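Working notes, structure below.
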Amino acid sequence: MIGQAIADGILTGAIIALGAIGISLSLQILRFANFGHGDILTLGAYSALTFTAVATAGVPIGPVSFGWQFLVAILIAAIVAGSAAILIDAIVYNRLRSRNAHRLTMIFASFGVALVLRNLVLLIWGPDVHYYSRELQIAVEILPNVRVMPDQIVVLGLTFAVVIFFYLVLRLTRIGMAMRAMAESPTLAGICGVEIRKMIRIAWFIAGALAAMAGTFLGLTVQLRPEMGFNLLLAVFAAAILGGSGSLFGAVIGGLLVGLAENLSVLVVPAGYKTAMPFLLLMLVLYIRPYGLFGTPERH
Amino acid sequence: MRNLLGLTLGTALAAAIMAPSAVYAQDAECPVKVGGILPLTGSMGAVGERIAESAQLAFEHINEGGGIKGCPVEFLLRDDQGQPTVGVDAAKFLVEVERVSALTGTVSSGVSLPILTSVTAPSEVVQITCCSTAATFTALAESGESGGYFFRTLPTVKTQAYASAKVASDRGYKRIAVIYVNTDFGTGMVEYFKTATAKLGGEIVAEAAFNENQPSYRAEVNVGLAANPDAVFFVAFPQDGATMTREWISLGGPQNFILNNALRSPDYVEAVGGQYLNNAYGMDNASAGGPTVDAFRDAFQAKYDASADGPGIATQYDAAMVIGLAMNIAPDLSGPAIRDSVRMIQDPDGTVVGTGPEEFAKAVALIKDGKPIRYVGATGPVIFDANGDVNGAALIWNIKDGELGVENTLTIEDMNALFTEIDG
């Protein structure tokens, strides 16, 4: 039972972590809490659905429920969601930023974006539940009493590959360096020749693309529904804040901790309370480290 | 001059408004006001509107059949929008301003309950609902808090829970896991299911309450699986139900499913995949047959050009008819008198009266002569127990090759026998 809970915690945590990286980026580089992030995730997941509806999810490779077509679908979803994020920034946030809108205004605007996106998804794909493939996957026992689905293992592997790739980009490329500079101080970065607007677009694209991946993974291992992203949003926020905003590994560890907290809690408290657990953990951590586990105290 | 004109206009308007009631004004109490609260808009609006039509049909029949104590009934219908605050406001208005003698409503248990506890029970006004099935109402009646003013014409979750437990025991399921929605409806259902299962020789080996609209129910499913059950009982609505059923199957749980009535939906079957559900069954309220049922269905069809098959339509008709009959029997139109008279519409030695205006006229004549009646309505005989609940026939449904079907029906007699077996 405990082994199963840990396995489930890591598997759901990985998906939450992908979402949390995007939130962390917008907190650090774009400097506001983006409540529209959950619905970008939904949009990404549904974009992949449109592709698989045409091309199918492919002939299953081995025990996995999808073929190479699904990997293309993930890529398309990432591009659609990333571009949508850039477009939304151009239409909404950029205008607000250029008029020096208050941070709270940005947050409320993101709520508006969230509602528009969700209703757009409803309008295009309808309110019904969708699946990439109707076939049910039967879990395999990888350890005694620990069952996971082959899809989940692939999802976990892909997640870590993406995180490591992103980490290398951030560490080793000029774009990565520029982004880190922006996170420190946009003004200083601007003075040093960083193209602020380009960097903002890149940050949005990465956040959107990672959200789309989280969305397709969630859709693959659970299901697609119009409110899937919004329902995940609070957990994603908890993960980003838990890890410390702006820290890539913080977001990943935060995501895993949130997943573990939810799944392990059912061993001791009734399952109805499990959604509260990440927030209890969050309060506990912030009480001791107000800047999150991996964040650094801000200097003023 | 201007003031005078306003005054004249106002008087004329007032006269115009008063005019219809003046026609019937033989008695100071005419017309008799009866309140209705139903969700006409909001998420249950589509269902609620049909139910309201049924209530209106019943009051038309009552008026054509002689009204109440010689007076026509004025049915005052208000919308609760499916929200407790709106519903309580409407009930307050009906009881305190309009001074209705009785009230019918509403659909959602979450709305009917605050109406009962904060308006109708304290004001001693009879409330009869067509559709609220929560177990809380029974508990309130047992503790005396509802004062006996609450009645319902729809079998409660108890009927469903007992019937489901009976079939589980017939199928030989000994160890059952329960995953249920964390609401009054879910907890009530599980409470009764547990009592019945224990009595019938089974055991609930794991239970997990869940909150609606979550992306995944793996944790809840694992709680159930950890106990190695023979079967699982899901109390859920189609979307969440499909999610957890798929996860249950994926994680290797036994494919023996007991499902609540809300899952009797093609959406659910399609989302899960029919091939996994061949061993699933569920319970639902069965519609009774008989001439009074047919008469109602024909009348509804003729009036609205729509089928009377939807949820709550037949039970709402009975709720309104019970009010009409009880008010005729009551010596006066005070709350306690009507409450006690509701018990007298079902006299075992009485003459059977059915649905429709002629039957109502027949009932009124019998009551005038001081003779007992026995009401057999749109849902069959309406027999309230001590807590104001009715029992009902149950049907057991199943899924074969992705199609919903009916396995068998438990008649009212079967159900009464089952109730006696479990409750002693």
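Chain labels follow the order of the structure tokens: the first chain is A, the next B, and so on; residue numbering restarts at 1 in every chain, and ligands are counted from 1 in their shown order.
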
Quick one: which chain B residues come within 9 Å of chain A, and what is the nearest atom pair for each with the distance in Å to one decimal, counting only C-alpha atoms, rows ordered by chain and ascending number, as CSV?
```
residue,atom,partner,partner_atom,distance
B:Val181,CA,A:Gly272,CA,8.8
B:Asn182,CA,A:Gly272,CA,6.9
B:Glu207,CA,A:Pro270,CA,8.8
B:Ala208,CA,A:Ala271,CA,5.8
B:Ala209,CA,A:Gly272,CA,5.2
B:Phe210,CA,A:Gly272,CA,4.6
B:Asn211,CA,A:Gly272,CA,5.7
B:Asn213,CA,A:Asn231,CA,7.5
B:Gln214,CA,A:Asn231,CA,6.6
B:Pro215,CA,A:Met228,CA,6.1
B:Ser216,CA,A:Val222,CA,6.4
B:Arg218,CA,A:Asp8,CA,7.6
B:Ala219,CA,A:Asn263,CA,5.7
B:Glu220,CA,A:Ala271,CA,6.0
B:Asn222,CA,A:Met1,CA,7.6
B:Val223,CA,A:Val266,CA,7.5
B:Ala226,CA,A:Met1,CA,6.3
B:Gln239,CA,A:Val129,CA,7.2
B:Thr243,CA,A:Val222,CA,7.2
B:Arg246,CA,A:Leu136,CA,7.0
B:Glu247,CA,A:Val222,CA,8.0
B:Ile249,CA,A:Ile138,CA,7.0
B:Ser250,CA,A:Ile138,CA,4.3
B:Leu251,CA,A:Ala139,CA,5.1
B:Gly252,CA,A:Ala139,CA,6.5
B:Asp267,CA,A:Asp128,CA,8.6
B:Ala271,CA,A:Val129,CA,7.4
B:Val272,CA,A:Arg134,CA,8.0
B:Gly273,CA,A:Arg134,CA,7.3
```

**Report entry** Close residues, A:Ile40 itself excluded, 7 Å, only C-alpha atoms, min 2 positions apart in chain, as a PyMOL selection string
**Finding:** chain A and resi 36-38+42-44+81+208+211-212

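Ranking A:Gly3, A:Gly13, A:Gly67, A:Pro127 by their shortest atom-to-atom distance to A:Pro278, with only C-alpha atoms included, puts A:Gly13 first.
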
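Atom pair atom CA of A:Gly243 / atom CA of A:Met179: separated by 18.8 Å.
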
Query - Per-residue DSSP, stretch 49-254 of chain A, filtered to strand (DSSP E or B), as a ChimeraX atom specification - result: /A:130,140-143,146-148,224

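Near stretch 83-99 of chain A, within 8 Å and counting only C-alpha atoms, sit Ile40, Ile79, Met106, Ala109, Val113, Arg201, Trp204, Phe205, Ala207 and Gly208 of chain A, not including residues fewer than 4 positions from it in the same chain.
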
Requested in this report: Please provide as a PyMOL selection string all residues within 8 Å of B:Glu358, with the sequence filter that same-chain residues fewer than 3 positions apart are discarded (counting only C-alpha atoms).
Outcome: chain B and resi 65+361-362

Query raised in the report: If you count only C-alpha atoms, which residues fall within 10 Å of A:Ala17, apart from same-chain ones fewer than 6 positions away, as a ChimeraX atom specification?
Result: /A:10,23,159-160,163,210-211,214,235-237,239-240,243,248-259

Once you have the residues from the selection above, write them out as an mmCIF file, in the first residue's frame, restricted to C-alpha atoms.
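Printed below is part.cif as written:
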```
data_model
loop_
_atom_site.group_PDB
_atom_site.id
_atom_site.type_symbol
_atom_site.label_atom_id
_atom_site.label_comp_id
_atom_site.auth_asym_id
_atom_site.auth_seq_id
_atom_site.Cartn_x
_atom_site.Cartn_y
_atom_site.Cartn_z
ATOM 1 C CA ILE A 10 5.854 10.296 -8.125
ATOM 2 C CA ILE A 23 4.298 28.967 -13.169
ATOM 3 C CA THR A 159 9.198 14.351 -18.086
ATOM 4 C CA PHE A 160 12.685 13.897 -16.728
ATOM 5 C CA VAL A 163 13.457 18.786 -17.419
ATOM 6 C CA LEU A 210 5.722 22.593 -20.877
ATOM 7 C CA ALA A 211 2.098 23.109 -19.839
ATOM 8 C CA ALA A 214 1.748 18.229 -18.760
ATOM 9 C CA ALA A 235 -1.653 21.896 -6.974
ATOM 10 C CA VAL A 236 0.661 23.373 -9.597
ATOM 11 C CA PHE A 237 0.853 26.671 -7.724
ATOM 12 C CA ALA A 239 4.378 23.002 -6.150
ATOM 13 C CA ALA A 240 5.926 26.157 -7.627
ATOM 14 C CA GLY A 243 9.992 24.687 -4.405
ATOM 15 C CA LEU A 248 13.830 24.849 -11.856
ATOM 16 C CA PHE A 249 14.692 21.991 -9.572
ATOM 17 C CA GLY A 250 12.607 23.583 -6.865
ATOM 18 C CA ALA A 251 9.583 23.313 -9.127
ATOM 19 C CA VAL A 252 10.341 19.674 -9.906
ATOM 20 C CA ILE A 253 10.884 18.713 -6.271
ATOM 21 C CA GLY A 254 7.815 20.783 -5.340
ATOM 22 C CA GLY A 255 5.734 18.874 -7.874
ATOM 23 C CA LEU A 256 6.915 15.519 -6.587
ATOM 24 C CA LEU A 257 6.288 16.550 -2.977
ATOM 25 C CA VAL A 258 2.755 17.677 -3.818
ATOM 26 C CA GLY A 259 2.068 14.391 -5.598
#
```

Report task. Excluding stretch 124-138 of chain B and residues on its chain fewer than 3 positions from it, collect all residues at most 6 Å away from it, counting only C-alpha atoms, and give them as a PyMOL selection string. Result -> chain B and resi 102-109+120-121+141+149-154+156-157+185+188+312+315-316+319+335+339+387

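For the atom pair formed by atom CA of B:Leu395 and atom CA of B:Tyr281, the distance is 10.3 Å, given to one decimal.
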
Report task. Give me every helix (DSSP H, G or I) residue in stretch 143-322 of chain B, going by DSSP on the backbone, as a PyMOL selection string. Result -> chain B and resi 143+157-170+184-199+218-226+238-250+261-263+266-272+274-276+291-304+313-322

Restricted to C-alpha atoms, what would the selected residues look like written as a PDB file, in the first residue's frame?
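Written output follows (part.pdb):
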```
ATOM      1  CA  SER B 143     -35.248  13.021  16.056  1.00  0.00           C
ATOM      2  CA  VAL B 157     -31.546   6.395  -0.897  1.00  0.00           C
ATOM      3  CA  LYS B 158     -32.452   3.705   1.611  1.00  0.00           C
ATOM      4  CA  THR B 159     -34.505   1.848  -1.001  1.00  0.00           C
ATOM      5  CA  GLN B 160     -31.625   2.025  -3.431  1.00  0.00           C
ATOM      6  CA  ALA B 161     -29.013   1.012  -0.874  1.00  0.00           C
ATOM      7  CA  TYR B 162     -31.009  -1.949   0.431  1.00  0.00           C
ATOM      8  CA  ALA B 163     -31.844  -3.234  -3.042  1.00  0.00           C
ATOM      9  CA  SER B 164     -28.195  -2.924  -4.130  1.00  0.00           C
ATOM     10  CA  ALA B 165     -27.010  -4.771  -1.022  1.00  0.00           C
ATOM     11  CA  LYS B 166     -29.566  -7.510  -1.646  1.00  0.00           C
ATOM     12  CA  VAL B 167     -28.323  -8.124  -5.177  1.00  0.00           C
ATOM     13  CA  ALA B 168     -24.699  -8.062  -3.971  1.00  0.00           C
ATOM     14  CA  SER B 169     -25.506 -10.780  -1.482  1.00  0.00           C
ATOM     15  CA  ASP B 170     -27.441 -12.781  -4.116  1.00  0.00           C
ATOM     16  CA  ASP B 184     -25.259  13.957   2.049  1.00  0.00           C
ATOM     17  CA  PHE B 185     -26.458  11.762  -0.775  1.00  0.00           C
ATOM     18  CA  GLY B 186     -23.278   9.668  -0.860  1.00  0.00           C
ATOM     19  CA  THR B 187     -22.752   9.309   2.871  1.00  0.00           C
ATOM     20  CA  GLY B 188     -26.429   8.467   3.414  1.00  0.00           C
ATOM     21  CA  MET B 189     -26.369   5.834   0.715  1.00  0.00           C
ATOM     22  CA  VAL B 190     -23.241   4.200   2.145  1.00  0.00           C
ATOM     23  CA  GLU B 191     -24.625   4.240   5.677  1.00  0.00           C
ATOM     24  CA  TYR B 192     -27.681   2.241   4.599  1.00  0.00           C
ATOM     25  CA  PHE B 193     -25.676   0.012   2.291  1.00  0.00           C
ATOM     26  CA  LYS B 194     -23.402  -0.887   5.196  1.00  0.00           C
ATOM     27  CA  THR B 195     -26.299  -1.735   7.520  1.00  0.00           C
ATOM     28  CA  ALA B 196     -27.923  -3.885   4.863  1.00  0.00           C
ATOM     29  CA  THR B 197     -24.726  -5.651   3.814  1.00  0.00           C
ATOM     30  CA  ALA B 198     -23.843  -6.494   7.405  1.00  0.00           C
ATOM     31  CA  LYS B 199     -27.324  -7.924   7.930  1.00  0.00           C
ATOM     32  CA  ARG B 218      -6.130   6.753  -8.068  1.00  0.00           C
ATOM     33  CA  ALA B 219      -5.644   7.313  -4.345  1.00  0.00           C
ATOM     34  CA  GLU B 220      -9.272   6.422  -3.555  1.00  0.00           C
ATOM     35  CA  VAL B 221      -9.137   3.421  -5.856  1.00  0.00           C
ATOM     36  CA  ASN B 222      -5.978   2.218  -4.107  1.00  0.00           C
ATOM     37  CA  VAL B 223      -7.675   2.408  -0.733  1.00  0.00           C
ATOM     38  CA  GLY B 224     -10.339   0.091  -2.121  1.00  0.00           C
ATOM     39  CA  LEU B 225      -7.907  -2.257  -3.852  1.00  0.00           C
ATOM     40  CA  ALA B 226      -5.682  -2.619  -0.803  1.00  0.00           C
ATOM     41  CA  PRO B 238     -21.122   9.813 -14.685  1.00  0.00           C
ATOM     42  CA  GLN B 239     -17.911  11.831 -15.289  1.00  0.00           C
ATOM     43  CA  ASP B 240     -16.169  11.079 -12.017  1.00  0.00           C
ATOM     44  CA  GLY B 241     -17.647   7.596 -12.050  1.00  0.00           C
ATOM     45  CA  ALA B 242     -16.044   6.869 -15.422  1.00  0.00           C
ATOM     46  CA  THR B 243     -12.664   8.164 -14.256  1.00  0.00           C
ATOM     47  CA  MET B 244     -12.574   5.967 -11.179  1.00  0.00           C
ATOM     48  CA  THR B 245     -13.984   2.925 -12.955  1.00  0.00           C
ATOM     49  CA  ARG B 246     -11.250   3.137 -15.598  1.00  0.00           C
ATOM     50  CA  GLU B 247      -8.603   3.511 -12.915  1.00  0.00           C
ATOM     51  CA  TRP B 248     -10.089   0.612 -10.983  1.00  0.00           C
ATOM     52  CA  ILE B 249      -9.864  -1.618 -14.052  1.00  0.00           C
ATOM     53  CA  SER B 250      -6.394  -0.376 -15.010  1.00  0.00           C
ATOM     54  CA  ASN B 261     -28.661   5.148 -10.250  1.00  0.00           C
ATOM     55  CA  ALA B 262     -26.860   8.225 -11.624  1.00  0.00           C
ATOM     56  CA  LEU B 263     -24.462   5.941 -13.497  1.00  0.00           C
ATOM     57  CA  PRO B 266     -24.935   5.778 -21.849  1.00  0.00           C
ATOM     58  CA  ASP B 267     -22.225   8.437 -21.341  1.00  0.00           C
ATOM     59  CA  TYR B 268     -20.790   6.466 -18.463  1.00  0.00           C
ATOM     60  CA  VAL B 269     -20.871   3.154 -20.317  1.00  0.00           C
ATOM     61  CA  GLU B 270     -19.259   4.653 -23.381  1.00  0.00           C
ATOM     62  CA  ALA B 271     -16.520   6.416 -21.400  1.00  0.00           C
ATOM     63  CA  VAL B 272     -15.536   3.254 -19.538  1.00  0.00           C
ATOM     64  CA  GLY B 274     -18.849  -1.692 -22.381  1.00  0.00           C
ATOM     65  CA  GLN B 275     -16.561  -4.716 -22.539  1.00  0.00           C
ATOM     66  CA  TYR B 276     -15.430  -4.105 -18.947  1.00  0.00           C
ATOM     67  CA  PRO B 291     -54.583   2.297 -14.634  1.00  0.00           C
ATOM     68  CA  THR B 292     -53.940   5.337 -12.384  1.00  0.00           C
ATOM     69  CA  VAL B 293     -50.366   5.513 -13.667  1.00  0.00           C
ATOM     70  CA  ASP B 294     -51.522   5.280 -17.288  1.00  0.00           C
ATOM     71  CA  ALA B 295     -54.232   7.892 -16.735  1.00  0.00           C
ATOM     72  CA  PHE B 296     -51.627  10.327 -15.455  1.00  0.00           C
ATOM     73  CA  ARG B 297     -49.218   9.598 -18.282  1.00  0.00           C
ATOM     74  CA  ASP B 298     -51.953  10.117 -20.882  1.00  0.00           C
ATOM     75  CA  ALA B 299     -53.060  13.369 -19.267  1.00  0.00           C
ATOM     76  CA  PHE B 300     -49.492  14.684 -19.194  1.00  0.00           C
ATOM     77  CA  GLN B 301     -48.874  13.649 -22.793  1.00  0.00           C
ATOM     78  CA  ALA B 302     -52.130  15.282 -23.940  1.00  0.00           C
ATOM     79  CA  LYS B 303     -51.476  18.520 -22.110  1.00  0.00           C
ATOM     80  CA  TYR B 304     -47.803  19.112 -22.881  1.00  0.00           C
ATOM     81  CA  ILE B 313     -42.572  14.174 -13.104  1.00  0.00           C
ATOM     82  CA  ALA B 314     -44.791  11.431 -11.688  1.00  0.00           C
ATOM     83  CA  THR B 315     -43.631  11.937  -8.107  1.00  0.00           C
ATOM     84  CA  GLN B 316     -44.342  15.676  -8.322  1.00  0.00           C
ATOM     85  CA  TYR B 317     -47.894  14.997  -9.498  1.00  0.00           C
ATOM     86  CA  ASP B 318     -48.415  12.789  -6.474  1.00  0.00           C
ATOM     87  CA  ALA B 319     -46.882  15.364  -4.135  1.00  0.00           C
ATOM     88  CA  ALA B 320     -49.407  17.952  -5.334  1.00  0.00           C
ATOM     89  CA  MET B 321     -52.342  15.527  -5.253  1.00  0.00           C
ATOM     90  CA  VAL B 322     -51.487  14.462  -1.700  1.00  0.00           C
TER      91      VAL B 322
END
```

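Reported to one decimal place, the separation of atom CA of A:Gly244 from atom CA of A:Phe279 is 14.4 Å.
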
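Those residues that approach B:Cys71 to within 6 Å, counting only C-alpha atoms, are Cys30, Pro31 and Gly67 of chain B; same-chain residues fewer than 4 positions away are not listed.
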
Given the selection you just returned, output its residues as a file containing N, CA, C and O atoms, formatted as a PDB file, in the first residue's frame.
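The resulting file, selection-v9.pdb, is reproduced below:
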```
ATOM      1  N   CYS B  30     -61.072  31.986   0.344  1.00  0.00           N
ATOM      2  CA  CYS B  30     -60.836  31.663  -1.061  1.00  0.00           C
ATOM      3  C   CYS B  30     -59.962  32.732  -1.709  1.00  0.00           C
ATOM      4  O   CYS B  30     -60.120  33.902  -1.393  1.00  0.00           O
ATOM      5  N   PRO B  31     -59.089  32.400  -2.665  1.00  0.00           N
ATOM      6  CA  PRO B  31     -58.703  31.039  -2.997  1.00  0.00           C
ATOM      7  C   PRO B  31     -57.713  30.487  -1.980  1.00  0.00           C
ATOM      8  O   PRO B  31     -57.073  31.247  -1.272  1.00  0.00           O
ATOM      9  N   GLY B  67     -61.619  21.615  -6.291  1.00  0.00           N
ATOM     10  CA  GLY B  67     -60.772  22.456  -5.460  1.00  0.00           C
ATOM     11  C   GLY B  67     -60.651  21.946  -4.037  1.00  0.00           C
ATOM     12  O   GLY B  67     -60.782  20.749  -3.772  1.00  0.00           O
TER      13      GLY B  67
END
```

Query raised in the report: Using only C-alpha atoms, which of the listed residues (A:Leu242, A:Leu41, A:Ala181, A:Leu71) sits closest to A:Gly215?
Result: A:Leu41

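With only C-alpha atoms as the atoms that count, the minimum distance from B:Asn285 to the choices B:Leu366, B:Val95, B:Leu76, B:Met415 is reached by B:Met415.
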